[in-house]
file structure33.cif (mmCIF, N, CA and C atoms)
data_upload
#
loop_
_atom_site.label_atom_id
_atom_site.label_comp_id
_atom_site.auth_asym_id
_atom_site.auth_seq_id
_atom_site.Cartn_x
_atom_site.Cartn_y
_atom_site.Cartn_z
N MET U 1 11.57 1.59 20.33
CA MET U 1 10.51 0.76 19.77
C MET U 1 11.00 0.13 18.48
N SER U 2 10.77 -1.13 18.33
CA SER U 2 11.16 -1.87 17.14
C SER U 2 10.06 -1.78 16.09
N HIS U 3 10.45 -1.69 14.84
CA HIS U 3 9.49 -1.61 13.74
C HIS U 3 9.69 -2.79 12.80
N GLY U 4 8.63 -3.17 12.13
CA GLY U 4 8.72 -4.17 11.08
C GLY U 4 9.06 -3.49 9.77
N PRO U 5 9.25 -4.27 8.71
CA PRO U 5 9.51 -3.70 7.40
C PRO U 5 8.37 -2.77 6.99
N ILE U 6 8.70 -1.72 6.29
CA ILE U 6 7.70 -0.75 5.85
C ILE U 6 7.69 -0.73 4.33
N ASP U 7 6.51 -0.87 3.75
CA ASP U 7 6.35 -0.85 2.30
C ASP U 7 5.63 0.41 1.87
N PHE U 8 6.03 0.90 0.70
CA PHE U 8 5.33 1.97 0.00
C PHE U 8 4.61 1.29 -1.15
N ILE U 9 3.29 1.38 -1.17
CA ILE U 9 2.54 0.77 -2.26
C ILE U 9 1.54 1.77 -2.83
N ALA U 10 1.24 1.59 -4.10
CA ALA U 10 0.19 2.37 -4.75
C ALA U 10 -0.70 1.36 -5.48
N VAL U 11 -1.98 1.41 -5.18
CA VAL U 11 -2.95 0.51 -5.78
C VAL U 11 -3.91 1.35 -6.61
N GLU U 12 -3.97 1.06 -7.90
CA GLU U 12 -4.78 1.87 -8.84
C GLU U 12 -6.13 1.21 -9.08
N PHE U 13 -7.16 2.06 -9.16
CA PHE U 13 -8.52 1.63 -9.44
C PHE U 13 -9.02 2.40 -10.65
N LYS U 14 -9.41 1.69 -11.68
CA LYS U 14 -9.88 2.33 -12.91
C LYS U 14 -11.24 2.97 -12.72
N GLY U 15 -11.45 4.05 -13.44
CA GLY U 15 -12.76 4.66 -13.50
C GLY U 15 -13.05 5.70 -12.43
N ASN U 16 -12.10 6.02 -11.57
CA ASN U 16 -12.34 7.01 -10.51
C ASN U 16 -13.61 6.72 -9.73
N LYS U 17 -13.85 5.44 -9.45
CA LYS U 17 -15.06 5.04 -8.73
C LYS U 17 -14.73 4.20 -7.52
N PHE U 18 -13.68 4.55 -6.80
CA PHE U 18 -13.31 3.78 -5.61
C PHE U 18 -14.41 3.90 -4.57
N LYS U 19 -14.91 2.76 -4.14
CA LYS U 19 -16.01 2.74 -3.17
C LYS U 19 -15.61 2.06 -1.86
N GLY U 20 -14.36 1.66 -1.74
CA GLY U 20 -13.91 1.07 -0.50
C GLY U 20 -14.00 -0.44 -0.43
N GLU U 21 -14.05 -1.11 -1.57
CA GLU U 21 -14.18 -2.56 -1.58
C GLU U 21 -13.02 -3.27 -0.88
N ILE U 22 -11.85 -2.63 -0.83
CA ILE U 22 -10.69 -3.26 -0.20
C ILE U 22 -10.62 -3.00 1.31
N ILE U 23 -11.45 -2.11 1.80
CA ILE U 23 -11.39 -1.69 3.21
C ILE U 23 -11.59 -2.86 4.17
N PRO U 24 -12.57 -3.75 3.97
CA PRO U 24 -12.73 -4.85 4.93
C PRO U 24 -11.48 -5.72 5.07
N ALA U 25 -10.82 -6.01 3.95
CA ALA U 25 -9.61 -6.84 4.01
C ALA U 25 -8.50 -6.11 4.76
N LEU U 26 -8.32 -4.82 4.48
CA LEU U 26 -7.30 -4.04 5.20
C LEU U 26 -7.65 -3.92 6.68
N ALA U 27 -8.92 -3.69 6.98
CA ALA U 27 -9.34 -3.56 8.38
C ALA U 27 -9.06 -4.85 9.16
N GLU U 28 -9.26 -5.99 8.52
CA GLU U 28 -8.98 -7.27 9.17
C GLU U 28 -7.48 -7.41 9.46
N LEU U 29 -6.64 -7.04 8.50
CA LEU U 29 -5.18 -7.10 8.71
C LEU U 29 -4.75 -6.20 9.86
N ILE U 30 -5.38 -5.04 9.96
CA ILE U 30 -5.06 -4.10 11.04
C ILE U 30 -5.55 -4.65 12.38
N ALA U 31 -6.78 -5.15 12.41
CA ALA U 31 -7.34 -5.70 13.65
C ALA U 31 -6.53 -6.88 14.16
N ASN U 32 -5.99 -7.68 13.23
CA ASN U 32 -5.17 -8.84 13.61
C ASN U 32 -3.72 -8.48 13.89
N LYS U 33 -3.41 -7.19 13.82
CA LYS U 33 -2.05 -6.69 14.04
C LYS U 33 -1.04 -7.32 13.07
N THR U 34 -1.50 -7.53 11.85
CA THR U 34 -0.63 -8.01 10.79
C THR U 34 0.11 -6.84 10.16
N VAL U 35 -0.63 -5.73 9.92
CA VAL U 35 -0.03 -4.51 9.37
C VAL U 35 -0.55 -3.30 10.13
N ARG U 36 0.15 -2.19 9.94
CA ARG U 36 -0.28 -0.89 10.48
C ARG U 36 -0.10 0.11 9.35
N ILE U 37 -1.15 0.87 9.05
CA ILE U 37 -1.04 1.89 8.01
C ILE U 37 -0.43 3.14 8.63
N ILE U 38 0.71 3.53 8.10
CA ILE U 38 1.44 4.68 8.61
C ILE U 38 0.96 5.97 7.94
N ASP U 39 0.68 5.91 6.65
CA ASP U 39 0.17 7.08 5.94
C ASP U 39 -0.61 6.60 4.74
N LEU U 40 -1.54 7.43 4.30
CA LEU U 40 -2.42 7.09 3.19
C LEU U 40 -2.78 8.37 2.45
N VAL U 41 -2.55 8.36 1.14
CA VAL U 41 -2.85 9.51 0.29
C VAL U 41 -3.64 9.00 -0.91
N ILE U 42 -4.56 9.82 -1.39
CA ILE U 42 -5.34 9.47 -2.57
C ILE U 42 -4.84 10.31 -3.75
N VAL U 43 -4.58 9.63 -4.87
CA VAL U 43 -4.16 10.32 -6.10
C VAL U 43 -5.23 10.02 -7.15
N MET U 44 -5.74 11.09 -7.76
CA MET U 44 -6.77 10.94 -8.79
C MET U 44 -6.25 11.52 -10.10
N LYS U 45 -6.51 10.84 -11.19
CA LYS U 45 -6.12 11.30 -12.52
C LYS U 45 -7.37 11.32 -13.38
N ASP U 46 -7.72 12.49 -13.89
CA ASP U 46 -8.95 12.60 -14.67
C ASP U 46 -8.75 12.12 -16.11
N ALA U 47 -9.82 12.19 -16.89
CA ALA U 47 -9.80 11.68 -18.26
C ALA U 47 -8.80 12.43 -19.14
N LYS U 48 -8.45 13.66 -18.78
CA LYS U 48 -7.50 14.46 -19.56
C LYS U 48 -6.06 14.30 -19.06
N GLY U 49 -5.87 13.51 -18.01
CA GLY U 49 -4.53 13.27 -17.49
C GLY U 49 -4.10 14.23 -16.40
N GLN U 50 -5.02 15.06 -15.92
CA GLN U 50 -4.73 15.99 -14.83
C GLN U 50 -4.71 15.23 -13.51
N VAL U 51 -3.62 15.41 -12.73
CA VAL U 51 -3.45 14.68 -11.47
C VAL U 51 -3.81 15.57 -10.29
N GLU U 52 -4.58 15.01 -9.36
CA GLU U 52 -4.92 15.70 -8.11
C GLU U 52 -4.53 14.79 -6.95
N ILE U 53 -3.87 15.38 -5.96
CA ILE U 53 -3.39 14.63 -4.80
C ILE U 53 -4.12 15.15 -3.57
N ALA U 54 -4.57 14.23 -2.73
CA ALA U 54 -5.30 14.65 -1.53
C ALA U 54 -4.95 13.76 -0.35
N GLU U 55 -4.58 14.39 0.76
CA GLU U 55 -4.54 13.67 2.04
C GLU U 55 -6.00 13.39 2.39
N LEU U 56 -6.25 12.34 3.11
CA LEU U 56 -7.64 11.99 3.43
C LEU U 56 -8.39 13.11 4.12
N LYS U 57 -7.70 13.85 4.97
CA LYS U 57 -8.38 14.92 5.70
C LYS U 57 -8.88 16.03 4.77
N GLN U 58 -8.41 16.04 3.52
CA GLN U 58 -8.83 17.04 2.55
C GLN U 58 -10.04 16.59 1.73
N LEU U 59 -10.42 15.34 1.85
CA LEU U 59 -11.50 14.80 1.05
C LEU U 59 -12.85 15.03 1.72
N SER U 60 -13.90 14.78 0.96
CA SER U 60 -15.25 14.96 1.50
C SER U 60 -15.49 13.96 2.63
N PRO U 61 -16.35 14.32 3.59
CA PRO U 61 -16.62 13.44 4.74
C PRO U 61 -17.10 12.04 4.35
N ASP U 62 -17.85 11.91 3.25
CA ASP U 62 -18.33 10.58 2.86
C ASP U 62 -17.18 9.69 2.39
N ILE U 63 -16.16 10.26 1.76
CA ILE U 63 -14.99 9.48 1.34
C ILE U 63 -14.13 9.13 2.56
N VAL U 64 -13.94 10.10 3.44
CA VAL U 64 -13.16 9.86 4.66
C VAL U 64 -13.80 8.75 5.48
N ALA U 65 -15.13 8.72 5.53
CA ALA U 65 -15.85 7.70 6.30
C ALA U 65 -15.54 6.29 5.79
N VAL U 66 -15.29 6.14 4.49
CA VAL U 66 -14.95 4.83 3.93
C VAL U 66 -13.66 4.31 4.56
N PHE U 67 -12.72 5.23 4.86
CA PHE U 67 -11.41 4.85 5.38
C PHE U 67 -11.36 4.79 6.91
N ASP U 68 -12.38 5.25 7.60
CA ASP U 68 -12.38 5.28 9.06
C ASP U 68 -12.03 3.94 9.73
N PRO U 69 -12.51 2.80 9.21
CA PRO U 69 -12.18 1.54 9.88
C PRO U 69 -10.69 1.19 9.88
N LEU U 70 -9.88 1.91 9.10
CA LEU U 70 -8.48 1.55 8.96
C LEU U 70 -7.58 2.11 10.05
N ALA U 71 -8.03 3.05 10.81
CA ALA U 71 -7.23 3.64 11.89
C ALA U 71 -5.86 4.09 11.37
N TRP U 72 -5.87 4.73 10.24
CA TRP U 72 -4.63 5.23 9.64
C TRP U 72 -4.13 6.44 10.40
N GLU U 73 -2.85 6.69 10.30
CA GLU U 73 -2.23 7.73 11.12
C GLU U 73 -2.13 9.08 10.43
N ALA U 74 -2.10 9.13 9.10
CA ALA U 74 -2.02 10.38 8.34
C ALA U 74 -0.95 11.32 8.88
N ASN U 75 0.28 10.85 8.89
CA ASN U 75 1.37 11.66 9.44
C ASN U 75 2.17 12.40 8.38
N GLU U 76 1.69 12.37 7.15
CA GLU U 76 2.27 13.11 6.03
C GLU U 76 3.70 12.68 5.70
N MET U 77 3.99 11.39 5.87
CA MET U 77 5.29 10.86 5.46
C MET U 77 5.36 10.70 3.94
N ILE U 78 4.22 10.45 3.30
CA ILE U 78 4.20 10.37 1.84
C ILE U 78 4.24 11.81 1.33
N LYS U 79 5.27 12.11 0.61
CA LYS U 79 5.49 13.47 0.11
C LYS U 79 4.77 13.68 -1.21
N GLU U 80 4.57 14.94 -1.57
CA GLU U 80 3.91 15.26 -2.83
C GLU U 80 4.69 14.69 -4.00
N SER U 81 6.01 14.70 -3.93
CA SER U 81 6.82 14.15 -5.02
C SER U 81 6.56 12.64 -5.19
N ASP U 82 6.33 11.93 -4.08
CA ASP U 82 5.99 10.51 -4.16
C ASP U 82 4.65 10.32 -4.88
N ALA U 83 3.68 11.13 -4.50
CA ALA U 83 2.35 11.03 -5.10
C ALA U 83 2.39 11.44 -6.57
N GLN U 84 3.18 12.44 -6.92
CA GLN U 84 3.31 12.85 -8.33
C GLN U 84 3.92 11.73 -9.15
N MET U 85 4.90 11.02 -8.59
CA MET U 85 5.52 9.89 -9.28
C MET U 85 4.46 8.84 -9.59
N VAL U 86 3.60 8.56 -8.63
CA VAL U 86 2.51 7.60 -8.83
C VAL U 86 1.58 8.12 -9.91
N GLY U 87 1.23 9.39 -9.84
CA GLY U 87 0.32 10.00 -10.82
C GLY U 87 0.83 9.87 -12.25
N ARG U 88 2.13 9.99 -12.45
CA ARG U 88 2.70 9.85 -13.79
C ARG U 88 2.49 8.44 -14.35
N ASP U 89 2.49 7.44 -13.49
CA ASP U 89 2.35 6.05 -13.93
C ASP U 89 0.89 5.59 -14.05
N MET U 90 -0.03 6.39 -13.55
CA MET U 90 -1.44 6.00 -13.56
C MET U 90 -2.06 6.17 -14.94
N GLU U 91 -3.09 5.37 -15.19
CA GLU U 91 -3.89 5.55 -16.40
C GLU U 91 -4.83 6.73 -16.18
N ASN U 92 -5.23 7.38 -17.28
CA ASN U 92 -6.24 8.44 -17.17
C ASN U 92 -7.53 7.85 -16.61
N ASN U 93 -8.28 8.70 -15.92
CA ASN U 93 -9.56 8.32 -15.35
C ASN U 93 -9.42 7.18 -14.34
N SER U 94 -8.51 7.36 -13.39
CA SER U 94 -8.30 6.35 -12.35
C SER U 94 -7.98 7.02 -11.02
N THR U 95 -8.06 6.23 -9.97
CA THR U 95 -7.75 6.69 -8.62
C THR U 95 -6.77 5.70 -8.01
N ALA U 96 -5.82 6.21 -7.23
CA ALA U 96 -4.87 5.32 -6.56
C ALA U 96 -4.85 5.62 -5.07
N ALA U 97 -4.78 4.57 -4.28
CA ALA U 97 -4.52 4.69 -2.85
C ALA U 97 -3.02 4.45 -2.68
N VAL U 98 -2.34 5.45 -2.14
CA VAL U 98 -0.90 5.36 -1.93
C VAL U 98 -0.70 5.20 -0.43
N MET U 99 -0.03 4.12 -0.03
CA MET U 99 0.08 3.80 1.39
C MET U 99 1.50 3.46 1.80
N LEU U 100 1.80 3.81 3.03
CA LEU U 100 2.97 3.29 3.73
C LEU U 100 2.41 2.37 4.79
N PHE U 101 2.79 1.11 4.77
CA PHE U 101 2.33 0.25 5.85
C PHE U 101 3.46 -0.60 6.38
N GLU U 102 3.37 -0.80 7.70
CA GLU U 102 4.37 -1.55 8.44
C GLU U 102 3.89 -2.99 8.61
N HIS U 103 4.78 -3.92 8.40
CA HIS U 103 4.48 -5.35 8.59
C HIS U 103 4.74 -5.71 10.05
N LEU U 104 3.70 -5.63 10.86
CA LEU U 104 3.84 -5.92 12.29
C LEU U 104 4.18 -7.37 12.56
N TRP U 105 3.73 -8.27 11.69
CA TRP U 105 3.98 -9.70 11.86
C TRP U 105 5.47 -10.01 11.87
N ALA U 106 6.30 -9.15 11.29
CA ALA U 106 7.72 -9.42 11.14
C ALA U 106 8.58 -8.88 12.28
N VAL U 107 7.99 -8.12 13.20
CA VAL U 107 8.78 -7.47 14.25
C VAL U 107 9.52 -8.50 15.11
N LYS U 108 8.85 -9.56 15.57
CA LYS U 108 9.51 -10.57 16.42
C LYS U 108 10.67 -11.24 15.69
N PHE U 109 10.43 -11.57 14.42
CA PHE U 109 11.49 -12.23 13.65
C PHE U 109 12.68 -11.29 13.47
N LYS U 110 12.42 -10.03 13.14
CA LYS U 110 13.50 -9.06 12.96
C LYS U 110 14.29 -8.91 14.26
N ASP U 111 13.58 -8.78 15.37
CA ASP U 111 14.26 -8.65 16.67
C ASP U 111 15.10 -9.89 16.98
N ALA U 112 14.60 -11.08 16.64
CA ALA U 112 15.35 -12.31 16.87
C ALA U 112 16.61 -12.34 16.01
N VAL U 113 16.51 -11.92 14.77
CA VAL U 113 17.68 -11.88 13.88
C VAL U 113 18.71 -10.91 14.43
N LEU U 114 18.27 -9.72 14.83
CA LEU U 114 19.19 -8.74 15.38
C LEU U 114 19.81 -9.23 16.69
N GLY U 115 18.99 -9.90 17.53
CA GLY U 115 19.49 -10.44 18.79
C GLY U 115 20.53 -11.53 18.59
N ALA U 116 20.50 -12.18 17.44
CA ALA U 116 21.46 -13.24 17.12
C ALA U 116 22.64 -12.68 16.30
N ASN U 117 22.77 -11.36 16.32
CA ASN U 117 23.81 -10.68 15.53
C ASN U 117 23.70 -10.96 14.05
N GLY U 118 22.50 -11.16 13.56
CA GLY U 118 22.26 -11.36 12.14
C GLY U 118 21.95 -10.02 11.47
N ARG U 119 22.00 -10.04 10.14
CA ARG U 119 21.64 -8.84 9.39
C ARG U 119 20.98 -9.25 8.08
N LEU U 120 20.11 -8.41 7.61
CA LEU U 120 19.41 -8.65 6.36
C LEU U 120 20.35 -8.36 5.20
N LEU U 121 20.57 -9.34 4.35
CA LEU U 121 21.43 -9.16 3.18
C LEU U 121 20.64 -8.77 1.95
N MET U 122 19.43 -9.27 1.83
CA MET U 122 18.64 -8.98 0.65
C MET U 122 17.17 -9.15 0.97
N GLN U 123 16.37 -8.30 0.36
CA GLN U 123 14.92 -8.44 0.46
C GLN U 123 14.33 -7.93 -0.84
N GLU U 124 13.54 -8.74 -1.46
CA GLU U 124 12.92 -8.33 -2.71
C GLU U 124 11.53 -8.93 -2.79
N ARG U 125 10.57 -8.14 -3.16
CA ARG U 125 9.20 -8.61 -3.34
C ARG U 125 9.08 -9.12 -4.77
N ILE U 126 8.58 -10.33 -4.93
CA ILE U 126 8.39 -10.90 -6.25
C ILE U 126 6.95 -10.61 -6.69
N PRO U 127 6.78 -9.89 -7.81
CA PRO U 127 5.43 -9.54 -8.27
C PRO U 127 4.57 -10.77 -8.54
N HIS U 128 3.29 -10.62 -8.29
CA HIS U 128 2.31 -11.69 -8.47
C HIS U 128 2.41 -12.31 -9.86
N GLU U 129 2.54 -11.49 -10.88
CA GLU U 129 2.60 -11.98 -12.25
C GLU U 129 3.81 -12.90 -12.46
N VAL U 130 4.93 -12.56 -11.84
CA VAL U 130 6.15 -13.37 -11.96
C VAL U 130 5.95 -14.72 -11.28
N VAL U 131 5.32 -14.72 -10.11
CA VAL U 131 5.03 -15.97 -9.40
C VAL U 131 4.10 -16.85 -10.24
N GLU U 132 3.04 -16.24 -10.77
CA GLU U 132 2.09 -17.01 -11.60
C GLU U 132 2.78 -17.62 -12.81
N GLU U 133 3.64 -16.84 -13.46
CA GLU U 133 4.36 -17.34 -14.63
C GLU U 133 5.29 -18.50 -14.24
N ALA U 134 5.99 -18.37 -13.13
CA ALA U 134 6.89 -19.44 -12.68
C ALA U 134 6.11 -20.71 -12.36
N LEU U 135 4.96 -20.56 -11.70
CA LEU U 135 4.13 -21.73 -11.39
C LEU U 135 3.61 -22.39 -12.66
N GLU U 136 3.23 -21.59 -13.64
CA GLU U 136 2.78 -22.16 -14.92
C GLU U 136 3.91 -22.92 -15.60
N ASP U 137 5.11 -22.35 -15.56
CA ASP U 137 6.27 -23.01 -16.16
C ASP U 137 6.55 -24.34 -15.46
N LEU U 138 6.40 -24.38 -14.14
CA LEU U 138 6.62 -25.62 -13.40
C LEU U 138 5.60 -26.69 -13.75
N ALA U 139 4.40 -26.25 -14.08
CA ALA U 139 3.32 -27.19 -14.38
C ALA U 139 3.42 -27.77 -15.79
N LEU U 140 4.19 -27.15 -16.66
CA LEU U 140 4.32 -27.64 -18.02
C LEU U 140 5.12 -28.94 -18.05
N PRO U 141 4.64 -29.91 -18.83
CA PRO U 141 5.41 -31.17 -18.95
C PRO U 141 6.68 -30.91 -19.76
N GLU U 142 7.71 -31.62 -19.41
CA GLU U 142 9.00 -31.44 -20.10
C GLU U 142 9.08 -32.32 -21.30
#
call {"tool": "encode", "arguments": {"input": "structure33.cif", "output": "structure tokens"}}
result
Amino acid sequence: MSHGPIDFIAVEFKGNKFKGEIIPALAELIANKTVRIIDLVIVMKDAKGQVEIAELKQLSPDIVAVFDPLAWEANEMIKESDAQMVGRDMENNSTAAVMLFEHLWAVKFKDAVLGANGRLLMQERIPHEVVEEALEDLALPE
């Protein structure tokens, strides 16, 4: 079976009040077969800086219900050391969703490249802030 690129991402939410506002957008990407969530872990950091890590199956049923539309696999590929690394970078009193997701949209292209005896030489994600700054620089008159 061929796989698309897989990303490890951590998205932080201030205030430890995650209510699932991002779930509809993720659910749409999954339904459209754009991405597939391979694993999902929640990292919480309290006001004193204490970090707690939880697989979704360890959380209360009402929190798990928020994530149900995502059809995540929870295969425990995200290790505790990965989650601890995220916890160190988090602000106090925040929650992070740590995810591994596969880019299904890229599978055909990857297979075509491999079928043509091609290989990936470089891949780098450009952060949103860098793109915005570059666009602003382009818009400035010389």
call {"tool": "residues_near_point", "arguments": {"input": "structure33.cif", "point": "(-5.2, 7.6, -1.1)", "cutoff": "7 Å", "atoms": "all atoms listed in the file", "output": "list of chain:residue names"}}
result
U:Leu40, U:Val41, U:Ile42, U:Val43, U:Ala54, U:Glu55, U:Leu56, U:Ala96, U:Ala97, U:Val98, U:Met99
call {"tool": "atom_distance", "arguments": {"input": "structure33.cif", "atom1": "CA of Glu91 in chain U", "atom2": "CA of Val131 in chain U"}}
result
24.3 Å
call {"tool": "select_by_dssp", "arguments": {"input": "structure33.cif", "residues": "chain U", "states": "strand (DSSP E or B)", "output": "PyMOL selection string"}}
result
chain U and resi 6-14+35-45+51-55+94-103
call {"tool": "resolve_selection", "arguments": {"input": "structure33.cif", "expression": "the PyMOL selection byres ((chain U and resi 11-14) around 6)", "output": "list in words"}}
result
Ile9, Ala10, Gly15, Asn16, Lys17, Asn93, Ser94, Thr95, Ala96, Ala97 and Val98 of chain U
call {"tool": "closest_residue", "arguments": {"input": "structure33.cif", "among": "U:His3, U:His128, U:His103, U:Lys108", "to": "Arg36 in chain U", "atoms": "only C-alpha atoms"}}
result
U:His103
call {"tool": "resolve_selection", "arguments": {"input": "structure33.cif", "expression": "the PyMOL selection byres ((chain U and resi 104) around 6.5)", "output": "list in words"}}
result
Gly4, Pro5, Lys33, Thr34, Val35, Arg36, Glu102, His103, Trp105, Ala106, Val107 and Lys108 of chain U
call {"tool": "select_by_dssp", "arguments": {"input": "structure33.cif", "residues": "chain U", "states": "helix (DSSP H, G or I)", "output": "JSON, numbers by chain"}}
result
{"U": [23, 24, 25, 26, 27, 28, 29, 30, 31, 56, 57, 58, 61, 62, 63, 64, 65, 66, 67, 68, 69, 70, 80, 81, 82, 83, 84, 85, 86, 87, 88, 89, 104, 105, 106, 107, 108, 109, 110, 111, 112, 113, 114, 115, 128, 129, 130, 131, 132, 133, 134, 135, 136, 137, 138, 139]}
call {"tool": "closest_residue", "arguments": {"input": "structure33.cif", "among": "U:Leu140, U:Val113, U:Leu121, U:Val51", "to": "Asp89 in chain U", "atoms": "only C-alpha atoms"}}
result
U:Val51
call {"tool": "atom_distance", "arguments": {"input": "structure33.cif", "atom1": "CA of Leu100 in chain U", "atom2": "CA of Ile37 in chain U"}}
result
6.0 Å
call {"tool": "closest_residue", "arguments": {"input": "structure33.cif", "among": "U:Ile30, U:Ala134, U:Arg119, U:Asp39", "to": "Glu76 in chain U", "atoms": "all atoms listed in the file"}}
result
U:Asp39
call {"tool": "residues_around", "arguments": {"input": "structure33.cif", "residues": "Asp46 in chain U", "least_positions_apart": "3", "cutoff": "6 Å", "atoms": "only C-alpha atoms", "output": "ChimeraX atom specification"}}
result
/U:49-50,92-93
